[in-house]
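Containing compact mmCIF, C-alpha atoms and all ligand atoms: input.txt.
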```txt
# COMPACT_ATOMS: atom_id res chain seq x y z
CA MET A 1 -90.41 -7.70 12.95
CA ALA A 2 -87.50 -7.07 15.32
CA ILE A 3 -84.82 -4.73 13.95
CA SER A 4 -81.46 -6.31 13.13
CA LEU A 5 -78.41 -4.72 14.76
CA THR A 6 -75.91 -6.30 12.38
CA ASN A 7 -73.30 -3.64 11.54
CA GLN A 8 -75.35 -0.94 13.28
CA CYS A 9 -73.15 1.58 15.08
CA VAL A 10 -73.96 1.86 18.79
CA LEU A 11 -72.30 4.49 21.01
CA ILE A 12 -72.40 3.66 24.73
CA THR A 13 -71.31 6.21 27.34
CA GLY A 14 -70.15 4.79 30.65
CA ALA A 15 -69.05 1.60 28.89
CA SER A 16 -66.20 0.96 31.35
CA SER A 17 -68.43 -0.45 34.09
CA GLY A 18 -71.82 -1.80 35.17
CA ILE A 19 -74.80 -1.26 32.88
CA GLY A 20 -72.65 0.21 30.08
CA THR A 21 -70.32 -2.81 30.01
CA SER A 22 -73.30 -5.18 29.91
CA CYS A 23 -74.84 -3.17 27.07
CA ALA A 24 -71.59 -3.49 25.13
CA ARG A 25 -71.68 -7.29 25.53
CA PHE A 26 -75.38 -7.61 24.58
CA PHE A 27 -75.09 -5.33 21.55
CA ALA A 28 -71.85 -6.96 20.38
CA GLN A 29 -73.54 -10.35 20.57
CA ALA A 30 -76.36 -8.92 18.45
CA GLY A 31 -73.83 -7.99 15.73
CA ALA A 32 -73.42 -4.25 16.32
CA LYS A 33 -70.18 -2.31 16.05
CA LEU A 34 -69.51 -0.31 19.16
CA ILE A 35 -68.11 3.05 20.19
CA LEU A 36 -67.13 2.57 23.83
CA ALA A 37 -66.96 5.85 25.76
CA ALA A 38 -65.74 6.55 29.31
CA ARG A 39 -62.74 8.07 31.11
CA ARG A 40 -60.91 4.85 32.14
CA LYS A 41 -59.06 3.80 29.01
CA GLU A 42 -57.64 0.54 30.40
CA LYS A 43 -61.14 -0.72 31.26
CA LEU A 44 -62.40 0.17 27.79
CA GLN A 45 -59.40 -1.57 26.18
CA ALA A 46 -59.97 -4.76 28.21
CA LEU A 47 -63.64 -4.75 27.20
CA ALA A 48 -62.78 -4.14 23.54
CA ASP A 49 -60.35 -7.09 23.61
CA GLU A 50 -63.00 -9.32 25.19
CA LEU A 51 -65.65 -8.29 22.63
CA GLN A 52 -63.25 -8.90 19.77
CA GLN A 53 -62.35 -12.37 21.04
CA THR A 54 -65.86 -13.43 22.02
CA TYR A 55 -68.00 -11.88 19.29
CA GLN A 56 -65.43 -10.66 16.71
CA ALA A 57 -66.95 -7.24 17.37
CA GLN A 58 -65.49 -4.07 15.88
CA THR A 59 -64.94 -1.41 18.53
CA LEU A 60 -63.69 2.15 18.75
CA LEU A 61 -62.58 3.62 22.07
CA LEU A 62 -63.59 7.15 23.02
CA CYS A 63 -61.80 8.33 26.16
CA VAL A 64 -63.85 11.33 27.10
CA ASP A 65 -65.17 13.06 30.19
CA VAL A 66 -68.78 13.85 29.30
CA GLN A 67 -68.66 16.87 31.64
CA ASP A 68 -66.25 18.54 29.22
CA ARG A 69 -68.37 20.11 26.47
CA GLN A 70 -65.46 20.88 24.16
CA ALA A 71 -63.98 17.39 24.58
CA VAL A 72 -67.34 15.80 23.70
CA MET A 73 -67.82 17.97 20.61
CA THR A 74 -64.22 17.40 19.45
CA ALA A 75 -64.45 13.63 20.02
CA ILE A 76 -67.68 13.29 18.03
CA GLU A 77 -66.54 15.61 15.22
CA GLY A 78 -63.27 13.64 15.05
CA LEU A 79 -64.85 10.18 14.63
CA PRO A 80 -63.29 8.30 11.70
CA PRO A 81 -65.50 8.29 8.58
CA ASP A 82 -66.62 4.67 9.10
CA TRP A 83 -67.83 5.50 12.61
CA GLN A 84 -69.64 8.78 12.06
CA SER A 85 -73.10 7.33 11.44
CA VAL A 86 -74.20 6.50 14.96
CA ASP A 87 -77.45 4.51 14.81
CA VAL A 88 -77.98 4.08 18.56
CA LEU A 89 -76.81 6.41 21.34
CA ILE A 90 -76.99 4.99 24.86
CA ASN A 91 -76.61 7.91 27.28
CA ASN A 92 -75.65 5.81 30.30
CA ALA A 93 -72.69 7.63 31.93
CA GLY A 94 -73.78 8.86 35.32
CA LEU A 95 -73.18 8.83 39.04
CA SER A 96 -74.35 9.79 42.48
CA ARG A 97 -72.22 11.28 45.24
CA GLY A 98 -73.07 11.00 48.93
CA LEU A 99 -76.34 10.97 50.83
CA GLU A 100 -76.02 14.22 52.76
CA LYS A 101 -78.92 16.55 53.44
CA GLN A 102 -79.59 19.14 50.75
CA TYR A 103 -78.71 22.02 53.07
CA GLU A 104 -75.41 20.42 54.14
CA ALA A 105 -74.10 18.49 51.13
CA SER A 106 -70.96 19.26 49.13
CA ILE A 107 -71.58 21.77 46.35
CA GLN A 108 -68.80 20.12 44.36
CA ASP A 109 -70.70 16.81 44.55
CA TRP A 110 -73.83 18.52 43.23
CA GLU A 111 -71.89 20.00 40.34
CA GLU A 112 -70.37 16.64 39.43
CA MET A 113 -73.81 14.98 39.34
CA ILE A 114 -75.43 17.82 37.41
CA ASP A 115 -72.51 18.16 34.98
CA THR A 116 -72.40 14.42 34.28
CA ASN A 117 -76.01 13.24 34.50
CA ILE A 118 -77.66 16.25 32.86
CA LYS A 119 -75.12 18.32 30.95
CA GLY A 120 -73.02 15.37 29.77
CA LEU A 121 -76.13 13.62 28.45
CA LEU A 122 -77.17 16.84 26.70
CA TYR A 123 -73.74 17.36 25.11
CA MET A 124 -73.75 13.84 23.65
CA THR A 125 -77.32 14.27 22.43
CA ARG A 126 -76.55 17.64 20.84
CA ALA A 127 -73.46 16.23 19.13
CA ILE A 128 -75.06 13.09 17.72
CA VAL A 129 -78.79 13.56 17.10
CA PRO A 130 -78.49 16.07 14.20
CA GLY A 131 -76.74 13.35 12.16
CA MET A 132 -79.52 10.89 13.01
CA VAL A 133 -82.12 13.39 11.76
CA THR A 134 -80.17 14.04 8.55
CA ARG A 135 -79.73 10.31 7.87
CA GLY A 136 -83.35 9.53 8.79
CA GLN A 137 -82.38 6.85 11.28
CA GLY A 138 -81.55 6.69 14.97
CA HIS A 139 -82.45 5.79 18.52
CA VAL A 140 -81.49 7.58 21.73
CA VAL A 141 -81.67 5.60 24.97
CA ASN A 142 -81.31 7.62 28.15
CA ILE A 143 -80.70 5.93 31.49
CA GLY A 144 -82.98 7.54 34.04
CA SER A 145 -83.83 5.98 37.39
CA ILE A 146 -86.49 5.12 39.91
CA ALA A 147 -84.97 8.21 41.56
CA ALA A 148 -86.85 10.35 39.02
CA ARG A 149 -90.15 8.99 40.29
CA GLN A 150 -89.54 9.09 44.05
CA THR A 151 -87.22 11.35 46.01
CA TYR A 152 -85.38 9.80 48.94
CA ALA A 153 -83.57 11.17 51.98
CA GLY A 154 -80.19 12.62 51.05
CA GLY A 155 -80.76 11.94 47.36
CA SER A 156 -82.43 15.14 46.30
CA VAL A 157 -79.81 16.38 43.82
CA TYR A 158 -79.26 12.91 42.29
CA CYS A 159 -83.06 12.49 42.10
CA ALA A 160 -83.33 15.93 40.48
CA THR A 161 -80.79 14.95 37.82
CA LYS A 162 -82.80 11.83 36.98
CA SER A 163 -86.03 13.88 36.91
CA ALA A 164 -84.20 16.04 34.39
CA VAL A 165 -83.37 12.93 32.34
CA LYS A 166 -87.09 12.12 32.26
CA ALA A 167 -87.98 15.65 31.09
CA LEU A 168 -85.16 15.68 28.53
CA SER A 169 -86.28 12.31 27.14
CA GLU A 170 -89.87 13.48 26.81
CA GLY A 171 -88.75 16.78 25.30
CA LEU A 172 -86.44 15.12 22.78
CA LYS A 173 -89.25 12.81 21.67
CA ILE A 174 -91.53 15.82 21.15
CA ASP A 175 -88.84 17.70 19.22
CA LEU A 176 -88.15 14.65 17.00
CA LEU A 177 -91.81 14.16 16.08
CA GLY A 178 -92.04 13.83 12.29
CA THR A 179 -88.62 12.14 12.08
CA PRO A 180 -87.99 8.39 12.40
CA VAL A 181 -85.60 8.92 15.34
CA ARG A 182 -86.80 7.16 18.52
CA VAL A 183 -86.26 8.01 22.19
CA THR A 184 -86.41 5.69 25.21
CA ASN A 185 -85.99 6.44 28.91
CA ILE A 186 -85.00 3.39 30.99
CA GLU A 187 -85.68 3.79 34.73
CA PRO A 188 -84.08 1.04 36.85
CA GLY A 189 -84.39 0.49 40.57
CA LEU A 190 -81.50 -1.08 42.51
CA VAL A 191 -78.84 -2.58 40.18
CA GLU A 192 -75.63 -3.92 41.71
CA THR A 193 -72.70 -2.21 39.93
CA GLU A 194 -69.96 0.20 40.98
CA PHE A 195 -72.71 2.79 41.51
CA SER A 196 -72.77 2.57 45.33
CA ASN A 197 -68.94 2.35 45.58
CA VAL A 198 -68.81 5.62 43.65
CA ARG A 199 -71.58 7.16 45.78
CA PHE A 200 -69.71 6.22 48.99
CA ARG A 201 -66.25 6.95 47.55
CA GLY A 202 -64.82 3.45 47.82
CA ASP A 203 -66.44 2.44 51.13
CA ASP A 204 -67.09 -1.15 50.03
CA ASP A 205 -68.88 -2.23 53.22
CA ARG A 206 -71.35 0.64 52.96
CA ALA A 207 -71.78 -0.03 49.23
CA LYS A 208 -72.46 -3.74 49.83
CA SER A 209 -75.03 -2.92 52.54
CA VAL A 210 -77.25 -1.28 49.89
CA TYR A 211 -77.94 -4.75 48.41
CA LYS A 212 -77.70 -6.76 51.64
CA GLY A 213 -80.25 -9.56 52.04
CA MET A 214 -82.01 -8.82 48.74
CA THR A 215 -81.56 -9.90 45.15
CA PRO A 216 -80.89 -6.73 43.14
CA LEU A 217 -81.15 -6.33 39.38
CA THR A 218 -77.97 -7.13 37.48
CA PRO A 219 -76.48 -4.91 34.78
CA ASP A 220 -77.38 -7.69 32.31
CA ASP A 221 -81.06 -7.30 33.27
CA ILE A 222 -80.90 -3.66 32.19
CA ALA A 223 -78.90 -4.37 29.02
CA ASP A 224 -81.51 -6.97 28.08
CA THR A 225 -84.27 -4.38 28.61
CA ILE A 226 -82.43 -1.82 26.48
CA LEU A 227 -81.85 -4.37 23.72
CA TYR A 228 -85.58 -5.13 23.73
CA ALA A 229 -86.48 -1.44 23.32
CA VAL A 230 -83.94 -0.88 20.53
CA THR A 231 -84.91 -3.95 18.50
CA ARG A 232 -88.65 -3.21 18.31
CA PRO A 233 -89.97 -2.58 14.79
CA ALA A 234 -89.25 0.91 13.42
CA HIS A 235 -92.82 2.15 13.98
CA VAL A 236 -92.71 1.24 17.71
CA ASN A 237 -91.21 3.73 20.19
CA ILE A 238 -90.82 2.32 23.70
CA SER A 239 -90.88 5.65 25.52
CA GLU A 240 -90.25 4.53 29.08
CA ILE A 241 -89.46 1.34 30.98
CA PHE A 242 -89.53 1.30 34.79
CA VAL A 243 -87.88 -1.88 36.06
CA MET A 244 -87.35 -2.97 39.66
CA ALA A 245 -86.06 -6.10 41.36
CA THR A 246 -88.79 -8.39 42.63
CA ASP A 247 -87.38 -7.62 46.11
CA GLN A 248 -88.06 -3.88 45.65
CA SER A 249 -91.40 -2.07 45.43
CA SER A 250 -90.37 1.58 45.90
CA VAL A 251 -87.21 3.51 46.79
CA SER A 252 -88.00 2.92 50.46
CA HIS A 253 -89.53 -0.58 50.31
CA VAL A 254 -86.95 -3.35 49.89
CA HIS A 255 -87.49 -6.91 51.08
CA ARG A 256 -84.34 -8.15 52.87
CA SER A 257 -84.56 -11.80 53.86
CA SER A 258 -81.47 -11.99 56.05
CA VAL A 259 -81.72 -8.68 57.90
P1 LIG B 301 -71.17 2.35 37.38
O1 LIG B 301 -70.54 3.24 38.40
O2 LIG B 301 -70.86 0.89 37.41
O3 LIG B 301 -70.87 2.92 35.92
C1 LIG B 301 -70.92 4.29 35.65
C2 LIG B 301 -70.25 4.55 34.31
O4 LIG B 301 -70.35 5.96 34.02
C3 LIG B 301 -68.79 4.19 34.31
O5 LIG B 301 -68.49 3.53 33.10
C4 LIG B 301 -68.08 5.54 34.34
O6 LIG B 301 -66.86 5.45 33.60
C5 LIG B 301 -69.08 6.42 33.61
N1 LIG B 301 -68.90 7.83 33.94
C6 LIG B 301 -69.11 8.42 35.13
N2 LIG B 301 -68.78 9.72 35.04
C7 LIG B 301 -68.36 9.93 33.77
C8 LIG B 301 -67.87 11.07 33.09
N3 LIG B 301 -67.74 12.26 33.68
N4 LIG B 301 -67.51 10.94 31.79
C9 LIG B 301 -67.62 9.74 31.17
N5 LIG B 301 -68.08 8.64 31.77
C10 LIG B 301 -68.43 8.73 33.06
O7 LIG B 301 -72.73 2.58 37.57
P2 LIG B 301 -74.02 2.01 36.78
O8 LIG B 301 -73.64 1.10 35.70
O9 LIG B 301 -74.96 1.54 37.81
O10 LIG B 301 -74.59 3.38 36.21
C11 LIG B 301 -74.95 3.60 34.87
C12 LIG B 301 -76.14 4.52 34.82
O11 LIG B 301 -77.26 3.88 35.43
C13 LIG B 301 -75.96 5.84 35.57
O12 LIG B 301 -76.53 6.88 34.81
C14 LIG B 301 -76.77 5.64 36.85
O13 LIG B 301 -77.24 6.85 37.38
C15 LIG B 301 -77.89 4.78 36.31
N6 LIG B 301 -78.64 4.00 37.29
C16 LIG B 301 -78.01 3.11 38.11
C17 LIG B 301 -78.74 2.36 39.00
C18 LIG B 301 -78.10 1.43 39.98
O14 LIG B 301 -78.76 1.03 40.96
N7 LIG B 301 -76.85 1.01 39.77
C19 LIG B 301 -80.20 2.46 39.05
C20 LIG B 301 -80.76 3.43 38.16
C21 LIG B 301 -80.01 4.15 37.29
P3 LIG B 301 -65.46 6.13 33.99
O15 LIG B 301 -65.41 6.26 35.47
O16 LIG B 301 -64.45 5.18 33.41
O17 LIG B 301 -65.49 7.43 33.27
C1 LIG B 302 -79.91 4.47 41.26
C2 LIG B 302 -80.90 3.76 42.11
O1 LIG B 302 -82.28 3.99 44.24
O2 LIG B 302 -79.93 4.48 44.40
O3 LIG B 302 -80.51 5.40 40.42
O4 LIG B 302 -81.40 6.01 43.29
S1 LIG B 302 -81.13 4.62 43.57
```

Would you write the structure of this file as structure tokens?
Ligand code: NDP
Ligand code: 8X3
Amino acid sequence: MAISLTNQCVLITGASSGIGTSCARFFAQAGAKLILAARRKEKLQALADELQQTYQAQTLLLCVDVQDRQAVMTAIEGLPPDWQSVDVLINNAGLSRGLEKQYEASIQDWEEMIDTNIKGLLYMTRAIVPGMVTRGQGHVVNIGSIAARQTYAGGSVYCATKSAVKALSEGLKIDLLGTPVRVTNIEPGLVETEFSNVRFRGDDDRAKSVYKGMTPLTPDDIADTILYAVTRPAHVNISEIFVMATDQSSVSHVHRSSV
């Protein structure tokens, strides 16, 4: 039987945009109470207002930069008593920067990707999973990528961070064996969000060209996939889901009808 999310506490990192925002809507509709984490407070507040009005959802905002270890630990330790039992952690915050060659790219860009996509995910996991183990209940969903499976030109550091997410997901599952806590790694292909605007630092034309002439996945497609994994019966652990648009078959094979 599918698990009910009514009154379950779901913490979503990167809730201010894209896949994280869609997850917030899907999980609110399913009856969960939500901890919405990201750096942009005004986006989180607008989402919280929408979720309250549409689904009467309870929300708590967590304005935190996941790169900042101390800020993550302090934020999680400081959760109000009613919000301390996180049942589902969705480690979604992440980004790519640029498409330069590995031997020419900005070292600062590498550090931002590594600090966010790997270390930020680890800090959240380290802060929250011990409570899940103690309470005998929990599910960690990590957002990996097709980029973990195939490396593409100019993407080597981003791809390496998503390969790390794959290894960390597998390792966490191994380390949690014997507990009821579940681990899922979701690996999407092209999803149209702010992802490419962030990668190309606000160059909208270049960002739009990534999805030109094809029908990409939507953030709702990924939220729906995550909701499926989380609501399976307690004895079922969906370890990995690799999901691509019908118009994509690998990182370098995309069908573009109008190009
Ligand atoms: P968006 O850019 O739309 O959303 C990224 C989210 O991450 C934002 O809410 C942003 O919030 C948050 N974030 C980024 N850096 C930090 C930080 N240092 N601290 C806290 N939050 C942060 O992109 P997507 O929704 O597409 O990306 C979500 C995840 O999906 C990422 O891990 C990405 O790698 C992955 N992914 C995306 C794919 C795609 O094609 N779009 C495909 C495969 C995987 P804020 O800026 O407010 O802090
Ligand atoms: C995001 C998808 O193909 O740009 O992880 O790496 S891709």

Ligand LIG 302 (chain B): which residues are within 10 Å, counting all atoms listed in the file? Reply as a PDB file with C-alpha atoms, in the frame of the given file.
```
ATOM      1  CA  GLY A  94     -73.780   8.860  35.320  1.00  0.00           C
ATOM      2  CA  LEU A  95     -73.180   8.830  39.040  1.00  0.00           C
ATOM      3  CA  SER A  96     -74.350   9.790  42.480  1.00  0.00           C
ATOM      4  CA  LEU A  99     -76.340  10.970  50.830  1.00  0.00           C
ATOM      5  CA  ILE A 143     -80.700   5.930  31.490  1.00  0.00           C
ATOM      6  CA  GLY A 144     -82.980   7.540  34.040  1.00  0.00           C
ATOM      7  CA  SER A 145     -83.830   5.980  37.390  1.00  0.00           C
ATOM      8  CA  ILE A 146     -86.490   5.120  39.910  1.00  0.00           C
ATOM      9  CA  ALA A 147     -84.970   8.210  41.560  1.00  0.00           C
ATOM     10  CA  ALA A 148     -86.850  10.350  39.020  1.00  0.00           C
ATOM     11  CA  ARG A 149     -90.150   8.990  40.290  1.00  0.00           C
ATOM     12  CA  GLN A 150     -89.540   9.090  44.050  1.00  0.00           C
ATOM     13  CA  THR A 151     -87.220  11.350  46.010  1.00  0.00           C
ATOM     14  CA  TYR A 152     -85.380   9.800  48.940  1.00  0.00           C
ATOM     15  CA  GLY A 155     -80.760  11.940  47.360  1.00  0.00           C
ATOM     16  CA  SER A 156     -82.430  15.140  46.300  1.00  0.00           C
ATOM     17  CA  TYR A 158     -79.260  12.910  42.290  1.00  0.00           C
ATOM     18  CA  CYS A 159     -83.060  12.490  42.100  1.00  0.00           C
ATOM     19  CA  THR A 161     -80.790  14.950  37.820  1.00  0.00           C
ATOM     20  CA  LYS A 162     -82.800  11.830  36.980  1.00  0.00           C
ATOM     21  CA  GLU A 187     -85.680   3.790  34.730  1.00  0.00           C
ATOM     22  CA  PRO A 188     -84.080   1.040  36.850  1.00  0.00           C
ATOM     23  CA  GLY A 189     -84.390   0.490  40.570  1.00  0.00           C
ATOM     24  CA  LEU A 190     -81.500  -1.080  42.510  1.00  0.00           C
ATOM     25  CA  VAL A 191     -78.840  -2.580  40.180  1.00  0.00           C
ATOM     26  CA  GLU A 192     -75.630  -3.920  41.710  1.00  0.00           C
ATOM     27  CA  THR A 193     -72.700  -2.210  39.930  1.00  0.00           C
ATOM     28  CA  PHE A 195     -72.710   2.790  41.510  1.00  0.00           C
ATOM     29  CA  SER A 196     -72.770   2.570  45.330  1.00  0.00           C
ATOM     30  CA  ARG A 199     -71.580   7.160  45.780  1.00  0.00           C
ATOM     31  CA  VAL A 210     -77.250  -1.280  49.890  1.00  0.00           C
ATOM     32  CA  MET A 244     -87.350  -2.970  39.660  1.00  0.00           C
ATOM     33  CA  GLN A 248     -88.060  -3.880  45.650  1.00  0.00           C
ATOM     34  CA  SER A 250     -90.370   1.580  45.900  1.00  0.00           C
ATOM     35  CA  VAL A 251     -87.210   3.510  46.790  1.00  0.00           C
ATOM     36  CA  SER A 252     -88.000   2.920  50.460  1.00  0.00           C
TER      37      SER A 252
END
```

Using the file's own x, y and z axes, so that the box edges lie along x, y and z, what centre and edge lengths in Å (one decimal) does a box around every listed atom of ligand LIG 301 (chain B) get when 6 Å is added on each side? Give it as JSON.
```
{"center_x": -72.6, "center_y": 6.6, "center_z": 36.1, "size_x": 28.3, "size_y": 23.4, "size_z": 21.8}
```

**Asked** Of the candidates A:Ala167, A:Leu227, A:Gln45, A:Ile114, which one gets nearest to Val88 (chain A) if we count all atoms listed in the file?
**Response**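 For Val88 (chain A), the nearest of the given residues is A:Leu227.
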
**Item:** Residue nearest Ser169 (chain A) among A:Glu42, A:Glu240, A:Asp221, A:Asp65 (counting all atoms listed in the file)
**Value:** A:Glu240

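In terms of minimum interatomic distance to ligand LIG 301 (chain B), A:Asp68 ranks closest within A:Asp204, A:Asp109, A:Asp68, A:Asp82, counting only C-alpha atoms and all ligand atoms.
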
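Checking A:Pro233, A:Pro130, A:Gly120, A:Gly98 one by one against ligand LIG 301 (chain B), counting all atoms listed in the file, you find the shortest gap at A:Gly120.
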
**Nearest-residue call for ligand LIG 301 (chain B), choices A:Ile19, A:Ile3, A:Arg126, A:Gly31, using all atoms listed in the file** =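 Smallest distance to ligand LIG 301 (chain B) is found for A:Ile19.
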
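Compared by their closest atoms to ligand LIG 301 (chain B), and using only C-alpha atoms and all ligand atoms, the residues A:Lys33, A:Arg182, A:His139, A:Lys166 rank with A:Lys166 nearest.
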
**Fill in**
Expressed in Å, the length from CA of Ala71 (chain A) to CA of Phe27 (chain A) is 25.5 Å
